[in-house]
Amino acid sequence: MEVNLVLSGGAAKGFAHIGTLIALEELGFKIRAISGVSAGAIVGSYYLAGYSPQEMLKLISSTPWAKLFRPSFPKKSLIGLGKIEQYLRETLNKNTFEELNGKLYISALDLRSASVITFSSGELIKPLLGSFAIPGIFEPVAFRNALLVDGGIVNNLPIEPILGEKPCICVDVTAISEVSNPTNIFSVLIRSFNAILKHTYQSKKIQCDILIEPDLRSFSMLGLKDAQRITQVGYLASIRAIKSWLECQKR
């Protein structure tokens, strides 16, 4: 069976999307299209570029994250995107949407028009960079006539590009737990955005045929070293949700 995937943002918690891909492959599903934002756009891009879930995990474990995210203090952010862009071009080895093995939709927020733009053709890397460029942390990405930042701050479950396509599987990795104090500027910004979104996209979830919400409250948004554990949580949550849906279809 072919399915359509919607993958939310969530920084390092987005590793759970890899677990969903493992579950889908294990259960014999094929993916027709992926709509992703931020971390979801990254996972979707690598998967449709030909990476298996296992290859993605190997890449994560071998990546020198500290070098990629080293502060550079450009005028509009804490971290420049030059090294990250180079990394994406080298590892994805795909420059356009048309080179991918399936349909991909990437959402990003255009600061100039204050609207979300969905990209699905032409240049791949610039929209992908813009999709996860958290304002204040990463510099905005100039592309065509837009200035792109993380689309997840206004639409973290971008179901719109595949709305009406059946079945639609949505994965939201942003369940919010109580914390005593955010520990750095990154976690302050991410938590603030997620708190806002918590009250704005519940209506989207009811449009999903299968909604997967891994319990990742014990993990940090910065938990790059927890990739394997986060992936496993995503896998188990996905297996449960998909098998439950399959049972309902038999009735």
# chains A, B, ... in the order shown; residues from 1 in each chain; ligands from 1
$ select_by_dssp --residues "region 48-168 of chain A" --states "strand (DSSP E or B)" --output "ChimeraX atom specification"
/A:79,96,103-110,115-119,123,135,138,141-143,146-150,168
$ write_last_selection --atoms "C-alpha atoms" --output "JSON list (two decimals), in the first residue's frame"
[["chain", "number", "residue", "atom", "x", "y", "z"],
["A", 79, "ILE", "CA", 24.98, 30.68, 13.58],
["A", 96, "THR", "CA", 16.69, 19.58, -7.26],
["A", 103, "LYS", "CA", 7.28, 13.73, -4.29],
["A", 104, "LEU", "CA", 8.56, 16.05, -1.57],
["A", 105, "TYR", "CA", 6.95, 19.22, -0.23],
["A", 106, "ILE", "CA", 9.01, 21.56, 1.96],
["A", 107, "SER", "CA", 7.40, 24.39, 3.92],
["A", 108, "ALA", "CA", 9.20, 27.56, 5.01],
["A", 109, "LEU", "CA", 8.10, 30.95, 6.29],
["A", 110, "ASP", "CA", 8.86, 33.96, 4.10],
["A", 115, "SER", "CA", 3.35, 33.79, 4.66],
["A", 116, "VAL", "CA", 4.25, 30.11, 4.41],
["A", 117, "ILE", "CA", 5.63, 28.98, 1.06],
["A", 118, "THR", "CA", 5.59, 25.35, -0.03],
["A", 119, "PHE", "CA", 8.36, 24.22, -2.37],
["A", 123, "GLU", "CA", 16.28, 24.08, -6.35],
["A", 135, "PRO", "CA", 14.85, 32.85, 13.67],
["A", 138, "PHE", "CA", 20.23, 30.64, 12.11],
["A", 141, "VAL", "CA", 17.90, 32.20, 3.71],
["A", 142, "ALA", "CA", 17.52, 34.48, 0.70],
["A", 143, "PHE", "CA", 15.92, 32.51, -2.13],
["A", 146, "ALA", "CA", 11.81, 35.43, -0.39],
["A", 147, "LEU", "CA", 13.68, 35.51, 2.91],
["A", 148, "LEU", "CA", 13.11, 32.09, 4.45],
["A", 149, "VAL", "CA", 13.05, 30.93, 8.07],
["A", 150, "ASP", "CA", 11.75, 27.87, 9.90],
["A", 168, "CYS", "CA", -2.34, 10.28, 5.22]]
$ atom_distance --atom1 "CA of Leu21 (chain A)" --atom2 "CA of Ser61 (chain A)"
17.9 Å
$ atom_distance --atom1 "CA of Ser38 (chain A)" --atom2 "CA of Ile137 (chain A)"
13.4 Å
$ residues_around --residues "region 33-35 of chain A" --least-positions-apart "2" --cutoff "8 Å" --atoms "only C-alpha atoms" --output "PyMOL selection string"
chain A and resi 3-7+31+37+40-41+44+102-107+158-159+161-162
